[in-house]
file start29.cif (mmCIF, C-alpha atoms and all ligand atoms)
data_start
#
loop_
_atom_site.group_PDB
_atom_site.id
_atom_site.type_symbol
_atom_site.label_atom_id
_atom_site.label_comp_id
_atom_site.auth_asym_id
_atom_site.auth_seq_id
_atom_site.Cartn_x
_atom_site.Cartn_y
_atom_site.Cartn_z
ATOM 1 C CA MET A 18 90.791 169.186 132.386
ATOM 2 C CA VAL A 19 92.755 168.172 129.327
ATOM 3 C CA THR A 20 90.928 165.796 127.008
ATOM 4 C CA ALA A 21 92.498 164.021 124.057
ATOM 5 C CA SER A 22 90.795 165.299 120.929
ATOM 6 C CA ALA A 23 89.844 163.010 118.079
ATOM 7 C CA PRO A 24 92.340 163.241 115.233
ATOM 8 C CA VAL A 25 91.251 165.353 112.298
ATOM 9 C CA ARG A 26 91.215 163.633 108.912
ATOM 10 C CA GLY A 27 93.662 165.208 106.473
ATOM 11 C CA GLN A 28 94.569 164.547 102.843
ATOM 12 C CA MET A 29 94.393 161.153 101.208
ATOM 13 C CA ILE A 30 97.995 159.921 101.053
ATOM 14 C CA TYR A 31 97.466 156.582 99.323
ATOM 15 C CA GLU A 32 94.748 154.733 97.477
ATOM 16 C CA GLY A 33 95.158 150.995 97.116
ATOM 17 C CA LYS A 34 92.911 148.360 95.591
ATOM 18 C CA ALA A 35 90.779 147.842 98.682
ATOM 19 C CA LYS A 36 91.595 150.755 100.989
ATOM 20 C CA LYS A 37 92.267 154.486 101.123
ATOM 21 C CA VAL A 38 94.688 155.929 103.637
ATOM 22 C CA TYR A 39 94.364 159.486 105.003
ATOM 23 C CA ALA A 40 96.844 161.570 106.953
ATOM 24 C CA THR A 41 95.630 163.110 110.218
ATOM 25 C CA ASP A 42 96.721 166.186 112.193
ATOM 26 C CA ASN A 43 98.896 163.808 114.219
ATOM 27 C CA ALA A 44 101.961 162.811 112.158
ATOM 28 C CA GLU A 45 102.098 159.415 113.895
ATOM 29 C CA LEU A 46 98.547 158.373 113.033
ATOM 30 C CA CYS A 47 96.553 157.811 109.876
ATOM 31 C CA ILE A 48 93.053 156.686 108.986
ATOM 32 C CA VAL A 49 92.406 153.608 106.869
ATOM 33 C CA SER A 50 89.100 153.559 104.989
ATOM 34 C CA TYR A 51 87.941 150.204 103.598
ATOM 35 C CA LYS A 52 86.314 150.141 100.138
ATOM 36 C CA ASP A 53 83.899 147.684 98.530
ATOM 37 C CA ASP A 54 86.200 147.459 95.472
ATOM 38 C CA ALA A 55 87.701 144.057 94.766
ATOM 39 C CA THR A 56 90.463 143.054 92.383
ATOM 40 C CA ALA A 57 91.984 139.693 91.547
ATOM 41 C CA LEU A 58 94.383 138.101 89.072
ATOM 42 C CA ASN A 59 96.915 140.879 89.618
ATOM 43 C CA GLY A 60 94.348 143.581 88.864
ATOM 44 C CA LEU A 61 92.943 141.991 85.670
ATOM 45 C CA LYS A 62 89.600 141.211 87.327
ATOM 46 C CA LYS A 63 87.801 144.140 88.917
ATOM 47 C CA GLY A 64 84.473 144.386 90.700
ATOM 48 C CA GLN A 65 82.607 145.394 93.799
ATOM 49 C CA ILE A 66 81.489 143.273 96.723
ATOM 50 C CA ALA A 67 78.596 145.070 98.429
ATOM 51 C CA GLY A 68 79.270 145.639 102.108
ATOM 52 C CA LYS A 69 82.823 144.244 101.943
ATOM 53 C CA GLY A 70 84.530 147.394 103.245
ATOM 54 C CA ALA A 71 82.494 147.443 106.445
ATOM 55 C CA ILE A 72 82.926 143.696 106.990
ATOM 56 C CA ASN A 73 86.684 143.718 106.426
ATOM 57 C CA ASN A 74 87.096 146.725 108.715
ATOM 58 C CA ARG A 75 85.203 145.040 111.554
ATOM 59 C CA VAL A 76 86.674 141.552 111.038
ATOM 60 C CA SER A 77 90.249 142.771 110.707
ATOM 61 C CA ASN A 78 90.023 144.949 113.827
ATOM 62 C CA HIS A 79 88.457 142.078 115.765
ATOM 63 C CA LEU A 80 91.313 139.724 114.815
ATOM 64 C CA MET A 81 93.982 142.393 115.421
ATOM 65 C CA ARG A 82 92.578 143.015 118.924
ATOM 66 C CA LEU A 83 92.736 139.272 119.601
ATOM 67 C CA LEU A 84 96.362 139.142 118.427
ATOM 68 C CA ASP A 85 97.261 142.228 120.444
ATOM 69 C CA ARG A 86 95.886 140.577 123.604
ATOM 70 C CA ARG A 87 98.051 137.566 122.816
ATOM 71 C CA GLY A 88 101.254 139.623 122.583
ATOM 72 C CA ILE A 89 101.460 140.534 118.892
ATOM 73 C CA PRO A 90 101.966 144.305 118.459
ATOM 74 C CA THR A 91 99.726 145.754 115.729
ATOM 75 C CA HIS A 92 99.126 149.109 114.072
ATOM 76 C CA LEU A 93 95.527 149.267 115.355
ATOM 77 C CA VAL A 94 94.586 152.268 117.491
ATOM 78 C CA GLU A 95 90.801 152.592 117.322
ATOM 79 C CA GLU A 96 87.865 151.733 115.080
ATOM 80 C CA LEU A 97 86.279 155.078 114.155
ATOM 81 C CA ASP A 98 83.154 153.985 112.322
ATOM 82 C CA GLU A 99 81.790 151.317 110.005
ATOM 83 C CA ARG A 100 84.562 151.618 107.408
ATOM 84 C CA ASP A 101 87.253 153.725 109.039
ATOM 85 C CA THR A 102 89.980 152.845 111.511
ATOM 86 C CA LEU A 103 92.683 154.915 113.171
ATOM 87 C CA VAL A 104 96.071 153.217 112.903
ATOM 88 C CA ARG A 105 99.665 154.018 113.758
ATOM 89 C CA ARG A 106 101.530 155.326 110.738
ATOM 90 C CA VAL A 107 104.192 152.847 109.667
ATOM 91 C CA ALA A 108 106.669 152.397 106.851
ATOM 92 C CA ILE A 109 105.496 149.169 105.262
ATOM 93 C CA VAL A 110 108.138 146.438 104.895
ATOM 94 C CA PRO A 111 107.741 145.719 101.148
ATOM 95 C CA LEU A 112 106.904 142.039 101.601
ATOM 96 C CA GLU A 113 103.755 139.960 101.525
ATOM 97 C CA VAL A 114 104.260 137.274 104.158
ATOM 98 C CA ILE A 115 102.139 134.243 103.303
ATOM 99 C CA VAL A 116 101.511 131.402 105.750
ATOM 100 C CA ARG A 117 99.946 128.148 104.530
ATOM 101 C CA ASN A 118 98.474 125.215 106.420
ATOM 102 C CA ILE A 119 96.777 123.498 103.486
ATOM 103 C CA ALA A 120 97.657 123.548 99.781
ATOM 104 C CA ALA A 121 95.537 125.997 97.769
ATOM 105 C CA GLY A 122 95.827 128.704 95.127
ATOM 106 C CA SER A 123 99.253 129.450 93.719
ATOM 107 C CA LEU A 124 101.060 126.822 95.838
ATOM 108 C CA ALA A 125 98.784 124.007 94.659
ATOM 109 C CA LYS A 126 99.345 125.141 91.064
ATOM 110 C CA ARG A 127 103.107 125.659 91.349
ATOM 111 C CA LEU A 128 103.800 122.315 93.017
ATOM 112 C CA GLY A 129 101.157 120.345 91.150
ATOM 113 C CA ILE A 130 99.326 119.138 94.224
ATOM 114 C CA GLY A 131 95.623 118.999 94.855
ATOM 115 C CA GLU A 132 93.915 121.811 96.673
ATOM 116 C CA GLY A 133 93.140 120.663 100.207
ATOM 117 C CA VAL A 134 96.298 118.624 100.836
ATOM 118 C CA PRO A 135 97.463 119.439 104.394
ATOM 119 C CA MET A 136 101.040 120.605 104.885
ATOM 120 C CA LYS A 137 103.135 118.581 107.375
ATOM 121 C CA ARG A 138 104.095 121.916 108.957
ATOM 122 C CA PRO A 139 103.171 125.525 108.143
ATOM 123 C CA VAL A 140 104.860 126.971 105.051
ATOM 124 C CA ILE A 141 106.061 130.591 104.964
ATOM 125 C CA GLU A 142 106.527 132.388 101.646
ATOM 126 C CA TYR A 143 107.591 135.944 100.909
ATOM 127 C CA CYS A 144 106.587 138.012 97.903
ATOM 128 C CA TYR A 145 108.152 141.341 97.022
ATOM 129 C CA LYS A 146 105.380 143.938 96.972
ATOM 130 C CA ASP A 147 105.491 145.365 93.467
ATOM 131 C CA ASP A 148 102.316 145.400 91.364
ATOM 132 C CA ALA A 149 104.197 146.054 88.117
ATOM 133 C CA LEU A 150 106.269 142.902 88.676
ATOM 134 C CA GLY A 151 103.249 140.875 89.844
ATOM 135 C CA ASP A 152 104.549 140.531 93.437
ATOM 136 C CA PRO A 153 107.282 137.949 92.666
ATOM 137 C CA MET A 154 108.134 135.313 95.243
ATOM 138 C CA VAL A 155 111.500 135.886 96.922
ATOM 139 C CA ASN A 156 113.516 134.106 99.607
ATOM 140 C CA ASP A 157 115.441 135.212 102.690
ATOM 141 C CA SER A 158 118.613 135.730 100.744
ATOM 142 C CA HIS A 159 116.924 138.095 98.238
ATOM 143 C CA ILE A 160 115.347 140.030 101.099
ATOM 144 C CA LEU A 161 118.681 140.516 102.892
ATOM 145 C CA ALA A 162 120.636 141.193 99.694
ATOM 146 C CA MET A 163 118.132 143.828 98.585
ATOM 147 C CA GLY A 164 117.929 145.355 102.071
ATOM 148 C CA TRP A 165 114.125 145.036 102.290
ATOM 149 C CA ALA A 166 114.533 143.847 105.895
ATOM 150 C CA THR A 167 117.452 143.118 108.208
ATOM 151 C CA GLU A 168 118.267 139.648 109.474
ATOM 152 C CA ALA A 169 116.855 140.511 112.908
ATOM 153 C CA GLU A 170 113.667 141.919 111.366
ATOM 154 C CA LEU A 171 113.168 138.877 109.172
ATOM 155 C CA GLU A 172 113.665 136.556 112.132
ATOM 156 C CA LEU A 173 111.076 138.545 114.093
ATOM 157 C CA ILE A 174 108.641 138.667 111.171
ATOM 158 C CA SER A 175 108.767 134.901 110.594
ATOM 159 C CA THR A 176 108.397 134.160 114.327
ATOM 160 C CA MET A 177 105.441 136.548 114.564
ATOM 161 C CA ALA A 178 103.835 135.088 111.418
ATOM 162 C CA LEU A 179 103.955 131.541 112.843
ATOM 163 C CA LYS A 180 102.613 132.690 116.214
ATOM 164 C CA ILE A 181 99.795 134.559 114.454
ATOM 165 C CA ASN A 182 99.013 131.361 112.556
ATOM 166 C CA ASP A 183 98.764 129.368 115.816
ATOM 167 C CA ILE A 184 96.501 131.955 117.457
ATOM 168 C CA LEU A 185 94.214 132.413 114.447
ATOM 169 C CA LYS A 186 93.980 128.696 113.617
ATOM 170 C CA GLU A 187 92.808 127.884 117.112
ATOM 171 C CA TYR A 188 90.432 130.843 117.367
ATOM 172 C CA LEU A 189 88.864 130.251 113.943
ATOM 173 C CA SER A 190 88.406 126.555 114.543
ATOM 174 C CA GLY A 191 86.175 127.588 117.474
ATOM 175 C CA ALA A 192 84.023 129.370 114.886
ATOM 176 C CA GLY A 193 83.881 126.281 112.661
ATOM 177 C CA LEU A 194 86.440 127.649 110.197
ATOM 178 C CA THR A 195 89.602 126.100 108.764
ATOM 179 C CA LEU A 196 92.417 128.602 108.201
ATOM 180 C CA VAL A 197 93.886 127.389 104.906
ATOM 181 C CA ASP A 198 96.349 130.233 104.241
ATOM 182 C CA PHE A 199 96.697 133.985 104.653
ATOM 183 C CA LYS A 200 98.830 137.005 103.841
ATOM 184 C CA LEU A 201 100.318 139.441 106.345
ATOM 185 C CA GLU A 202 102.125 142.742 106.035
ATOM 186 C CA PHE A 203 104.362 144.327 108.640
ATOM 187 C CA GLY A 204 105.409 147.933 109.217
ATOM 188 C CA ARG A 205 108.114 149.871 111.033
ATOM 189 C CA LEU A 206 107.239 152.486 113.637
ATOM 190 C CA PRO A 207 109.411 155.628 113.880
ATOM 191 C CA ASP A 208 111.483 153.917 116.622
ATOM 192 C CA GLY A 209 112.219 151.057 114.225
ATOM 193 C CA SER A 210 110.076 148.449 115.959
ATOM 194 C CA ILE A 211 108.032 146.064 113.824
ATOM 195 C CA VAL A 212 104.238 145.815 114.099
ATOM 196 C CA LEU A 213 101.592 143.867 112.228
ATOM 197 C CA ALA A 214 99.893 146.208 109.721
ATOM 198 C CA ASP A 215 97.464 146.054 106.764
ATOM 199 C CA GLU A 216 94.419 143.785 107.301
ATOM 200 C CA ILE A 217 93.341 140.238 108.137
ATOM 201 C CA SER A 218 90.050 139.568 106.385
ATOM 202 C CA PRO A 219 88.321 137.302 103.857
ATOM 203 C CA ASP A 220 90.209 139.323 101.206
ATOM 204 C CA THR A 221 93.567 138.186 102.569
ATOM 205 C CA CYS A 222 92.832 134.755 104.064
ATOM 206 C CA ARG A 223 91.346 131.498 102.836
ATOM 207 C CA PHE A 224 88.631 130.361 105.226
ATOM 208 C CA TRP A 225 86.853 127.036 104.629
ATOM 209 C CA ASP A 226 83.848 125.828 106.556
ATOM 210 C CA ALA A 227 85.310 123.152 108.851
ATOM 211 C CA ASN A 228 82.463 120.722 108.167
ATOM 212 C CA THR A 229 81.536 121.199 104.535
ATOM 213 C CA GLY A 230 84.756 122.655 103.103
ATOM 214 C CA GLU A 231 82.731 125.483 101.572
ATOM 215 C CA LYS A 232 84.892 128.476 100.622
ATOM 216 C CA LEU A 233 84.034 131.563 102.677
ATOM 217 C CA ASP A 234 86.517 134.077 101.274
ATOM 218 C CA LYS A 235 87.643 136.008 98.214
ATOM 219 C CA ASP A 236 88.093 132.827 96.166
ATOM 220 C CA ARG A 237 84.315 133.054 95.559
ATOM 221 C CA PHE A 238 85.017 136.307 93.694
ATOM 222 C CA ARG A 239 88.303 135.203 92.068
ATOM 223 C CA ARG A 240 86.724 132.010 90.719
ATOM 224 C CA ASP A 241 83.199 133.295 89.991
ATOM 225 C CA LEU A 242 81.637 130.861 92.449
ATOM 226 C CA GLY A 243 78.698 133.142 93.328
ATOM 227 C CA GLY A 244 77.479 133.872 96.847
ATOM 228 C CA VAL A 245 80.341 136.296 97.448
ATOM 229 C CA GLU A 246 78.439 138.746 99.692
ATOM 230 C CA ASP A 247 76.887 135.868 101.632
ATOM 231 C CA ALA A 248 80.305 134.349 102.320
ATOM 232 C CA TYR A 249 81.683 137.646 103.686
ATOM 233 C CA GLY A 250 78.491 138.066 105.738
ATOM 234 C CA GLU A 251 78.900 134.542 107.122
ATOM 235 C CA ILE A 252 82.442 135.326 108.321
ATOM 236 C CA ARG A 253 81.217 138.515 109.986
ATOM 237 C CA ALA A 254 78.361 136.638 111.675
ATOM 238 C CA ARG A 255 80.565 133.794 112.916
ATOM 239 C CA LEU A 256 83.275 136.070 114.308
ATOM 240 C CA LEU A 257 81.266 139.060 115.487
ATOM 241 C CA GLY A 258 77.744 137.692 115.709
ATOM 242 C CA GLY A 259 77.020 138.413 119.358
ATOM 243 C CA MET A 260 78.991 141.660 119.458
ATOM 244 C CA GLU A 261 77.130 143.958 117.052
HETATM 245 N N1 LIG B 301 96.934 136.895 99.171
HETATM 246 C C1 LIG B 301 96.612 138.218 99.385
HETATM 247 N N2 LIG B 301 97.069 139.152 98.481
HETATM 248 C C2 LIG B 301 97.829 138.845 97.413
HETATM 249 C C3 LIG B 301 98.141 137.481 97.193
HETATM 250 C C4 LIG B 301 97.682 136.537 98.093
HETATM 251 O O1 LIG B 301 95.943 138.565 100.357
HETATM 252 O O2 LIG B 301 98.210 139.755 96.660
HETATM 253 C C5 LIG B 301 96.444 135.877 100.114
HETATM 254 C C6 LIG B 301 95.341 135.031 99.518
HETATM 255 O O3 LIG B 301 94.069 135.532 99.883
HETATM 256 C C7 LIG B 301 95.583 133.693 100.160
HETATM 257 C C8 LIG B 301 97.082 133.639 100.420
HETATM 258 O O4 LIG B 301 97.512 135.000 100.394
HETATM 259 O O5 LIG B 301 94.888 133.609 101.396
HETATM 260 C C9 LIG B 301 97.863 132.816 99.418
HETATM 261 O O6 LIG B 301 97.540 133.259 98.117
HETATM 262 P P1 LIG B 301 98.136 132.530 96.821
HETATM 263 O O7 LIG B 301 99.612 132.705 96.807
HETATM 264 O O8 LIG B 301 97.603 131.143 96.782
HETATM 265 O O9 LIG B 301 97.650 133.396 95.605
HETATM 266 P P2 LIG B 301 96.249 133.477 94.878
HETATM 267 O O10 LIG B 301 95.796 132.090 94.613
HETATM 268 O O11 LIG B 301 95.398 134.250 95.846
HETATM 269 O O12 LIG B 301 96.609 134.268 93.673
#
call {"tool": "encode", "arguments": {"input": "start29.cif", "output": "C-alpha cells", "more": "lines below"}}
Ligand code: UDP
result
Amino acid sequence: MVTASAPVRGQMIYEGKAKKVYATDNAELCIVSYKDDATALNGLKKGQIAGKGAINNRVSNHLMRLLDRRGIPTHLVEELDERDTLVRRVAIVPLEVIVRNIAAGSLAKRLGIGEGVPMKRPVIEYCYKDDALGDPMVNDSHILAMGWATEAELELISTMALKINDILKEYLSGAGLTLVDFKLEFGRLPDGSIVLADEISPDTCRFWDANTGEKLDKDRFRRDLGGVEDAYGEIRARLLGGME
C-alpha cells in the first residue's frame, strides 16, 4: 500500500515579523510557523504577546477552512501542530488588500472622521508591500502600471475580498463580534491561479465586541490598552471554544 508521507521540514526560507516560513521536501508546499513576536507602527514598536502564535495559527486556519467551504480557494493544506501549518507555496502578490466596514485606524486619521463611523458600503484599499517605504497606499492604476497584478487578477482579488468580508462579517456576528476592518494577502500558485494566503487573525483584523465595543485585537498592543493576551484568548474561545 502506498501511503502519503508527511512532508519533511527543510530550511527556513523567510522570517517575517510574526511568522517563519520553511521549505519542505515537496517544492509545492511550505510550513508556516507562527511566532509570539509583535510589531506595530511600521516596526518601531516591538514586543511579545504570550501565546499569540498558537492562537493566530488556530484562528486563521479555522477561518480559512470556513472560507474554503464557502468557495474561496486558500493556501491552507493542513494544521501540523500548535504553531505550524502546511500551506501551498505561492508567489505573494505584493499588495495588502484592506477591507473596511467601519472607520478606524489610518482611515479615521486620514479622513478626519471619528473611529466607529460605519461606512455606507465596504471600502477596499491597496497598499504596496514594502517595509522600507512604509507600505504606501496605491490605487488600481498604480497596480496595473507597475505590473504588480493584471487587470483580471485585480478584478478577482477585489471580488474575493468583498465575498470574504460578507462571509466573515456574518460568521463573526454569530460570535458576538463586529468585523471593523481587516487585511488580506493573495498568492499565485504555479499554474497562475490566485488563492488567499497569509493569515486572518487578531493581528490582521479589528474585532470589536458587538455589545460593548471593546477592542479584541492588536490595537490593544498598538495603543498600550493592556489586556492584550486576554483579548487574543477571548477571540480563540469565541471562535474555537467547543472545538479544542
Ligand atoms: N493591517 C495589517 N497589517 C498592516 C497594516 C494593517 O494587518 O501592515 C490591518 C489592521 O490590523 C487593520 C486593517 O489592516 O485591521 C486596517 O489597518 P489601518 O490601515 O487602519 O492601519 P493601522 O491603524 O493598523 O496602522
call {"tool": "resolve_selection", "arguments": {"input": "start29.cif", "expression": "the PyMOL selection byres (((chain A and resi 202) around 6) and not hetatm)", "output": "ChimeraX atom specification"}}
result
/A:113,201,203,214-215
call {"tool": "resolve_selection", "arguments": {"input": "start29.cif", "expression": "the PyMOL selection byres (((chain A and resi 100) around 12) and not hetatm)", "output": "list of chain:residue names"}}
result
A:Ala35, A:Lys36, A:Lys37, A:Val38, A:Ile48, A:Val49, A:Ser50, A:Tyr51, A:Lys52, A:Asp53, A:Gly68, A:Lys69, A:Gly70, A:Ala71, A:Ile72, A:Asn73, A:Asn74, A:Arg75, A:Val76, A:Ser77, A:Asn78, A:Glu95, A:Glu96, A:Leu97, A:Asp98, A:Glu99, A:Asp101, A:Thr102, A:Leu103
call {"tool": "atom_distance", "arguments": {"input": "start29.cif", "atom1": "atom CA of Cys144 of chain A", "atom2": "atom CA of Glu32 of chain A"}}
result
20.5 Å
call {"tool": "residues_near_ligand", "arguments": {"input": "start29.cif", "ligand": "ligand LIG 301 (chain B)", "cutoff": "7 Å", "atoms": "all atoms listed in the file", "output": "ChimeraX atom specification"}}
result
/A:58,115,121-124,198-200,220-223,235
call {"tool": "axis_aligned_box", "arguments": {"input": "start29.cif", "around": "segment 104-122 of chain A", "padding_each_side": "5 Å", "output": "AutoDock Vina command-line options"}}
result
--center_x 101.8 --center_y 139.4 --center_z 104.4 --size_x 22.6 --size_y 41.8 --size_z 28.6
call {"tool": "residues_around", "arguments": {"input": "start29.cif", "residues": "Asp241 of chain A", "least_positions_apart": "3", "cutoff": "12 Å", "atoms": "all atoms listed in the file", "output": "list in words"}}
result
Ala57, Lys62, Lys63, Gly64, Lys232, Asp234, Lys235, Asp236, Arg237, Phe238, Gly244 and Val245 of chain A
call {"tool": "closest_residue", "arguments": {"input": "start29.cif", "among": "A:His79, A:Ile30, A:Asn59, A:Leu233", "to": "Glu261 of chain A", "atoms": "all atoms listed in the file"}}
result
A:His79
call {"tool": "resolve_selection", "arguments": {"input": "start29.cif", "expression": "the PyMOL selection byres (((chain A and resi 149-154) around 10) and not hetatm)", "output": "VMD selection string"}}
result
chain A and resid 58 to 60 111 to 114 142 to 148 155 to 156 159
call {"tool": "atom_distance", "arguments": {"input": "start29.cif", "atom1": "atom CA of Ala108 of chain A", "atom2": "atom CA of Pro219 of chain A"}}
result
23.9 Å
call {"tool": "closest_residue", "arguments": {"input": "start29.cif", "among": "A:Cys47, A:Val116, A:Ala169, A:Leu61", "to": "Lys186 of chain A", "atoms": "all atoms listed in the file"}}
result
A:Val116
